[in-house]
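S.K.: Here you go, one structure.
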Amino acid sequence: MVHCQQGIAQHEADNGKTTQSHPVSETTRILILGGTGDAAALAAQVSLLSDVEVMTSLAGRTQQPSELSGSVRVGGFGGSEGLVRYLKEQRINVLIDATHPFAAQISWNAASAVVEANIPHLMLVRPAWKKVTDDRWLEVESVEAAAQAIPSNAQRIFLTIGRQQLAPFTLLTEHWFLMRSIDPPAPDIALPNGELLLDRGPFTVENEIALLKQHAIEAIVSKNSGGDATYAKIAAARELELPVVMVQRPTRPSGERVKDVASAVAWLKQRL
């Protein structure tokens with residue numbers, strides 16, 4: 001399905017193609033691969049630039065995404081080949097990948113597609129969290145490994161990896177999980193033993209400490225997403241001396257990249 005805002009471009013719900021004719025002006029058409037707060041902030045700032053049309057593409061995993069400036073496209077492209085077709089059909093001039101650090105596949109598809117489409121490409125990748133003094137991290141390479149790395153003396157676990165990779169934890173029948181996500185899992189997905197908490201950041205350290213105490217949490221499982229919105233749980237774990245099983249980021253493609261929205265806007269202005 002495709003949804004548009006502010007009338008910049010109308011899209012067909014069945015195939016994501018733009019129905020209006022291409023502009024004849026010197027407007028620069030920018031596609032942001034989004035799904036993060038950084039992508040939303042970037043779209044807001046880019047939409048203020050002169051002679052620019054901005055579209056944000058969302059995978060559609062979040063049921064109620066935040067409001068976005070410009071036009072919004074929801075749905076997949078059909079791999080790198082589908083993305084190449086879309087870039088050419090829509091005459092996209094610049095692609096900025098501002099997806100979640102764990103959305104590796106779309107980043108690899110984008111890196112391949114821009115070579116074929118011969119357009120500038122930037123990755124906006126927020127820095128990963130860094131372990132500091134008093135952090136008790138157990139760093140692992142995957143969610144599956146995280147399920148096996150939970151300390152043996154921890155039975156009540158705060159599971160903060162989203163709603164799509166809960167399956168490995170269903171095997172841990174002697175554990176209890178507080179599972180926090182923005183949206184609920186699909187109805188047909190088996191859940192680990194525990195309680196589902198639907199909430200969206202940013203969170204405060206004080207509230208996270210209270211939550212951990214309320215549920216007598218003994219360990220946290222988290223992805224190293226980076227950013228400020230959900231870092232409070234890491235600070236809370238440090239305060240309470242709780243272990244954190246930290247899933248490391250997948251490998252992303254090489255290419256031009258920046259760490260924040262301001263740097264991405266500056267990069268873009270150099271190409272307008």
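Identifiers in the structure tokens: chain A, B, ... in order shown; residue index from 1 per chain; ligand index from 1 in order shown.
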For the interface of stretch 39-158 of chain A with stretch 229-237 of chain A (cut-off 10 Å, counting only C-alpha atoms), please tabulate each contacting residue of stretch 39-158 of chain A alongside its nearest pair of atoms and their separation in Å to one decimal, rows sorted by chain and increasing number, as JSON lines.
M.R.:
{"residue": "A:Trp129", "atom": "CA", "partner": "A:Tyr231", "partner_atom": "CA", "distance": 8.0}
{"residue": "A:Lys131", "atom": "CA", "partner": "A:Ile234", "partner_atom": "CA", "distance": 9.5}
{"residue": "A:Val132", "atom": "CA", "partner": "A:Ala235", "partner_atom": "CA", "distance": 10.0}
{"residue": "A:Asp134", "atom": "CA", "partner": "A:Ala237", "partner_atom": "CA", "distance": 9.6}
{"residue": "A:Asp135", "atom": "CA", "partner": "A:Ala237", "partner_atom": "CA", "distance": 7.7}
{"residue": "A:Arg136", "atom": "CA", "partner": "A:Ala237", "partner_atom": "CA", "distance": 8.3}
{"residue": "A:Trp137", "atom": "CA", "partner": "A:Ile234", "partner_atom": "CA", "distance": 9.6}
{"residue": "A:Phe158", "atom": "CA", "partner": "A:Lys233", "partner_atom": "CA", "distance": 9.6}
S.K.: Could you pull out the residues in stretch 33-260 of chain A that DSSP calls helix (DSSP H, G or I) from the backbone, as a ChimeraX atom specification?
M.R.: /A:37-46,79-89,104-117,143-149,167-171,205-214,232-240
S.K.: For A:His215, work out the shell of residues within 10 Å, counting only C-alpha atoms and skipping chain neighbours fewer than 2 positions away, then give it as a list in words.
M.R.: Arg156, Ile157, Phe158, Trp176, Phe177, Leu178, Glu195, Ala210, Leu211, Leu212, Lys213, Ile217 and Glu218 of chain A
S.K.: Would you save the residues of that selection, restricted to N, CA and C atoms, as an mmCIF file, in the first residue's frame?
M.R.:
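out26.cif, freshly written:
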data_model
loop_
_atom_site.group_PDB
_atom_site.id
_atom_site.type_symbol
_atom_site.label_atom_id
_atom_site.label_comp_id
_atom_site.auth_asym_id
_atom_site.auth_seq_id
_atom_site.Cartn_x
_atom_site.Cartn_y
_atom_site.Cartn_z
ATOM 1 N N ARG A 156 14.109 -13.333 34.961
ATOM 2 C CA ARG A 156 13.145 -12.318 34.529
ATOM 3 C C ARG A 156 13.891 -11.328 33.630
ATOM 4 N N ILE A 157 13.487 -11.301 32.350
ATOM 5 C CA ILE A 157 14.267 -10.622 31.318
ATOM 6 C C ILE A 157 13.444 -9.517 30.661
ATOM 7 N N PHE A 158 14.076 -8.358 30.480
ATOM 8 C CA PHE A 158 13.489 -7.259 29.714
ATOM 9 C C PHE A 158 13.955 -7.415 28.272
ATOM 10 N N TRP A 176 10.855 -15.640 32.290
ATOM 11 C CA TRP A 176 9.730 -14.724 32.128
ATOM 12 C C TRP A 176 10.242 -13.476 31.432
ATOM 13 N N PHE A 177 9.514 -13.011 30.377
ATOM 14 C CA PHE A 177 9.985 -11.887 29.578
ATOM 15 C C PHE A 177 8.996 -10.725 29.600
ATOM 16 N N LEU A 178 9.523 -9.539 29.831
ATOM 17 C CA LEU A 178 8.782 -8.310 29.578
ATOM 18 C C LEU A 178 9.206 -7.852 28.192
ATOM 19 N N GLU A 195 4.956 -10.890 29.484
ATOM 20 C CA GLU A 195 4.004 -9.793 29.308
ATOM 21 C C GLU A 195 4.457 -8.903 28.153
ATOM 22 N N ALA A 210 12.273 2.615 37.206
ATOM 23 C CA ALA A 210 11.024 2.235 37.864
ATOM 24 C C ALA A 210 10.412 1.000 37.207
ATOM 25 N N LEU A 211 10.472 0.938 35.887
ATOM 26 C CA LEU A 211 9.921 -0.204 35.162
ATOM 27 C C LEU A 211 10.681 -1.483 35.498
ATOM 28 N N LEU A 212 11.998 -1.394 35.521
ATOM 29 C CA LEU A 212 12.820 -2.562 35.822
ATOM 30 C C LEU A 212 12.573 -3.064 37.240
ATOM 31 N N LYS A 213 12.435 -2.136 38.167
ATOM 32 C CA LYS A 213 12.164 -2.531 39.556
ATOM 33 C C LYS A 213 10.765 -3.125 39.693
ATOM 34 N N ILE A 217 13.188 -7.127 37.068
ATOM 35 C CA ILE A 217 14.005 -7.566 35.934
ATOM 36 C C ILE A 217 15.430 -7.873 36.406
ATOM 37 N N GLU A 218 15.981 -8.975 35.873
ATOM 38 C CA GLU A 218 17.326 -9.408 36.261
ATOM 39 C C GLU A 218 18.342 -9.302 35.128
#
S.K.: If I take atom CA of A:Ile96 and atom CA of A:Glu26, how far is one from the other in Å, to one decimal?
M.R.: 19.3 Å
